[in-house]
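File shown: start_34.pdb (PDB, C-alpha atoms, pLDDT in the B column).
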```
ATOM      1  CA  MET R   1      15.114 -10.084  25.176  1.00 54.00           C
ATOM      2  CA  ASN R   2      14.010  -6.648  26.327  1.00 68.00           C
ATOM      3  CA  ILE R   3      10.207  -6.323  26.463  1.00 70.00           C
ATOM      4  CA  PHE R   4      10.435  -3.255  24.221  1.00 70.00           C
ATOM      5  CA  MET R   5      12.684  -4.870  21.632  1.00 84.00           C
ATOM      6  CA  LEU R   6      11.146  -6.749  18.723  1.00 92.00           C
ATOM      7  CA  SER R   7      12.931  -9.299  16.590  1.00 95.00           C
ATOM      8  CA  CYS R   8      13.532  -8.223  12.999  1.00 96.00           C
ATOM      9  CA  LYS R   9      11.048 -10.875  11.894  1.00 96.00           C
ATOM     10  CA  LYS R  10       8.299  -9.429  14.101  1.00 96.00           C
ATOM     11  CA  ALA R  11       9.227  -5.870  13.060  1.00 97.00           C
ATOM     12  CA  THR R  12       8.845  -6.704   9.367  1.00 97.00           C
ATOM     13  CA  GLU R  13       5.494  -8.351  10.095  1.00 97.00           C
ATOM     14  CA  LEU R  14       4.322  -5.146  11.774  1.00 97.00           C
ATOM     15  CA  ILE R  15       5.681  -3.031   8.915  1.00 97.00           C
ATOM     16  CA  GLU R  16       3.565  -5.012   6.452  1.00 95.00           C
ATOM     17  CA  LYS R  17       0.560  -5.098   8.785  1.00 96.00           C
ATOM     18  CA  GLU R  18       0.682  -1.304   9.071  1.00 95.00           C
ATOM     19  CA  PHE R  19      -0.083  -0.905   5.350  1.00 90.00           C
ATOM     20  CA  SER R  20      -3.436  -2.649   5.697  1.00 90.00           C
ATOM     21  CA  PHE R  21      -4.471  -2.370   9.332  1.00 93.00           C
ATOM     22  CA  LYS R  22      -4.215   0.015  12.224  1.00 95.00           C
ATOM     23  CA  LEU R  23      -1.521  -0.964  14.698  1.00 96.00           C
ATOM     24  CA  THR R  24      -2.163  -0.849  18.410  1.00 96.00           C
ATOM     25  CA  LYS R  25      -0.331   1.816  20.401  1.00 96.00           C
ATOM     26  CA  THR R  26       1.951  -0.857  21.820  1.00 94.00           C
ATOM     27  CA  GLU R  27       2.748  -2.221  18.366  1.00 96.00           C
ATOM     28  CA  LYS R  28       3.448   1.295  17.056  1.00 96.00           C
ATOM     29  CA  PHE R  29       5.740   2.035  19.990  1.00 95.00           C
ATOM     30  CA  LYS R  30       7.658  -1.234  19.696  1.00 95.00           C
ATOM     31  CA  LEU R  31       7.984  -0.864  15.917  1.00 96.00           C
ATOM     32  CA  HIS R  32       9.174   2.731  16.173  1.00 96.00           C
ATOM     33  CA  PHE R  33      11.667   1.759  18.886  1.00 94.00           C
ATOM     34  CA  HIS R  34      13.015  -1.135  16.833  1.00 96.00           C
ATOM     35  CA  VAL R  35      13.224   0.799  13.555  1.00 96.00           C
ATOM     36  CA  SER R  36      15.000   3.682  15.272  1.00 95.00           C
ATOM     37  CA  MET R  37      17.820   1.301  16.240  1.00 94.00           C
ATOM     38  CA  CYS R  38      17.828  -1.203  13.357  1.00 95.00           C
ATOM     39  CA  ASN R  39      19.131   0.075  10.031  1.00 97.00           C
ATOM     40  CA  ALA R  40      18.066  -3.070   8.160  1.00 97.00           C
ATOM     41  CA  CYS R  41      14.429  -2.780   9.266  1.00 97.00           C
ATOM     42  CA  ARG R  42      14.420   0.986   8.651  1.00 97.00           C
ATOM     43  CA  THR R  43      15.583   0.302   5.084  1.00 97.00           C
ATOM     44  CA  TYR R  44      13.003  -2.480   4.720  1.00 97.00           C
ATOM     45  CA  GLN R  45      10.269  -0.100   5.923  1.00 97.00           C
ATOM     46  CA  LYS R  46      11.259   2.556   3.376  1.00 96.00           C
ATOM     47  CA  GLN R  47      11.442   0.042   0.528  1.00 96.00           C
ATOM     48  CA  SER R  48       8.119  -1.545   1.477  1.00 94.00           C
ATOM     49  CA  LYS R  49       6.460   1.865   1.519  1.00 94.00           C
ATOM     50  CA  ILE R  50       7.779   2.636  -1.969  1.00 94.00           C
ATOM     51  CA  ILE R  51       6.588  -0.748  -3.285  1.00 93.00           C
ATOM     52  CA  ASP R  52       3.161  -0.366  -1.660  1.00 91.00           C
ATOM     53  CA  GLU R  53       2.675   3.152  -3.046  1.00 91.00           C
ATOM     54  CA  SER R  54       3.830   2.046  -6.498  1.00 90.00           C
ATOM     55  CA  LEU R  55       1.382  -0.850  -6.552  1.00 88.00           C
ATOM     56  CA  HIS R  56      -1.494   1.385  -5.445  1.00 87.00           C
ATOM     57  CA  ASN R  57      -0.632   3.950  -8.122  1.00 86.00           C
ATOM     58  CA  HIS R  58      -0.404   1.248 -10.787  1.00 83.00           C
ATOM     59  CA  ILE R  59      -3.753  -0.257  -9.778  1.00 83.00           C
ATOM     60  CA  ASN R  60      -5.390   3.185  -9.728  1.00 80.00           C
ATOM     61  CA  LYS R  61      -4.043   3.928 -13.216  1.00 77.00           C
ATOM     62  CA  LEU R  62      -5.417   0.614 -14.483  1.00 73.00           C
ATOM     63  CA  HIS R  63      -8.840   1.349 -13.018  1.00 73.00           C
ATOM     64  CA  LYS R  64      -8.823   4.858 -14.473  1.00 71.00           C
ATOM     65  CA  HIS R  65      -7.810   3.538 -17.886  1.00 68.00           C
ATOM     66  CA  GLN R  66     -10.516   0.871 -17.787  1.00 69.00           C
ATOM     67  CA  SER R  67     -13.159   3.431 -16.846  1.00 66.00           C
ATOM     68  CA  GLU R  68     -12.008   5.673 -19.714  1.00 67.00           C
ATOM     69  CA  LEU R  69     -12.311   2.739 -22.099  1.00 67.00           C
ATOM     70  CA  LEU R  70     -15.795   2.018 -20.823  1.00 66.00           C
ATOM     71  CA  SER R  71     -16.707   5.641 -21.290  1.00 73.00           C
ATOM     72  CA  GLU R  72     -15.559   5.520 -24.907  1.00 72.00           C
ATOM     73  CA  ASP R  73     -17.581   2.333 -25.454  1.00 74.00           C
ATOM     74  CA  PHE R  74     -20.672   3.985 -23.993  1.00 73.00           C
ATOM     75  CA  LYS R  75     -20.165   7.016 -26.206  1.00 74.00           C
ATOM     76  CA  ASP R  76     -20.031   4.756 -29.256  1.00 77.00           C
ATOM     77  CA  ILE R  77     -23.214   2.953 -28.181  1.00 79.00           C
ATOM     78  CA  ILE R  78     -25.032   6.234 -27.648  1.00 76.00           C
ATOM     79  CA  ILE R  79     -23.929   7.578 -31.024  1.00 78.00           C
ATOM     80  CA  LYS R  80     -25.029   4.369 -32.770  1.00 79.00           C
ATOM     81  CA  ASN R  81     -28.408   4.508 -31.052  1.00 79.00           C
ATOM     82  CA  LEU R  82     -28.869   8.153 -31.969  1.00 79.00           C
ATOM     83  CA  LYS R  83     -28.206   7.414 -35.640  1.00 78.00           C
ATOM     84  CA  ARG R  84     -31.024   4.853 -35.776  1.00 69.00           C
TER      85      ARG R  84
END
```
Using the file provided, produce a representation of the structure as structure tokens.
Amino acid sequence: MNIFMLSCKKATELIEKEFSFKLTKTEKFKLHFHVSMCNACRTYQKQSKIIDESLHNHINKLHKHQSELLSEDFKDIIIKNLKR
């Protein structure tokens, strides 16, 4: 196999790795080269990005909602303590 060409398996591993870690310049180059020629991996990369962004947005919304609930609880505690 060409030294610049990754297998689809290795390309998908790098696609997933890229969401959490910084790729080396060599990894970036090989991934870009592979994705530019492989429609299946290009599609996988797009879909993975959408899934990753959706999960992050969902988690952020949950954290925001939980912090709002905590804020309401603290308001209630403060009001109860002020009424004493």
Worksheet item: Taking only C-alpha atoms into account, which of R:Leu14, R:Phe19, R:Ser71, R:Met5 comes nearest R:His56?
Response: R:Phe19
Practice prompt. Tell me, as a list in words, which residues lie within 9 Å of R:Ile15, counting all atoms listed in the file; anything in the same chain fewer than 5 positions away does not count.
Written response: Lys10, Leu31, Cys41, Tyr44, Gln45, Ser48 and Lys49 of chain R
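Taking atom CA of R:Leu62 and atom CA of R:Leu23 as endpoints, the distance between them is 29.5 Å.
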Fill in: Separation of atom CA of R:Lys61 from atom CA of R:Asp73, in Å and rounded to one decimal
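Taking atom CA of R:Lys61 and atom CA of R:Asp73, their separation equals 18.3 Å.
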Practice prompt. For atom CA of R:Thr12 and atom CA of R:Lys28, determine how far apart the two atoms are, in Å to one decimal place.
Written response: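 Straight-line distance from atom CA of R:Thr12 to atom CA of R:Lys28 works out to 12.3 Å.
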Discussion item. List as a PyMOL selection string the residues having at least one atom at most 8 Å from position (11.6, -4.7, 18.6) as given in the file, counting all atoms listed in the file.
Written reply: chain R and resi 4-8+10-11+30-31+33-35
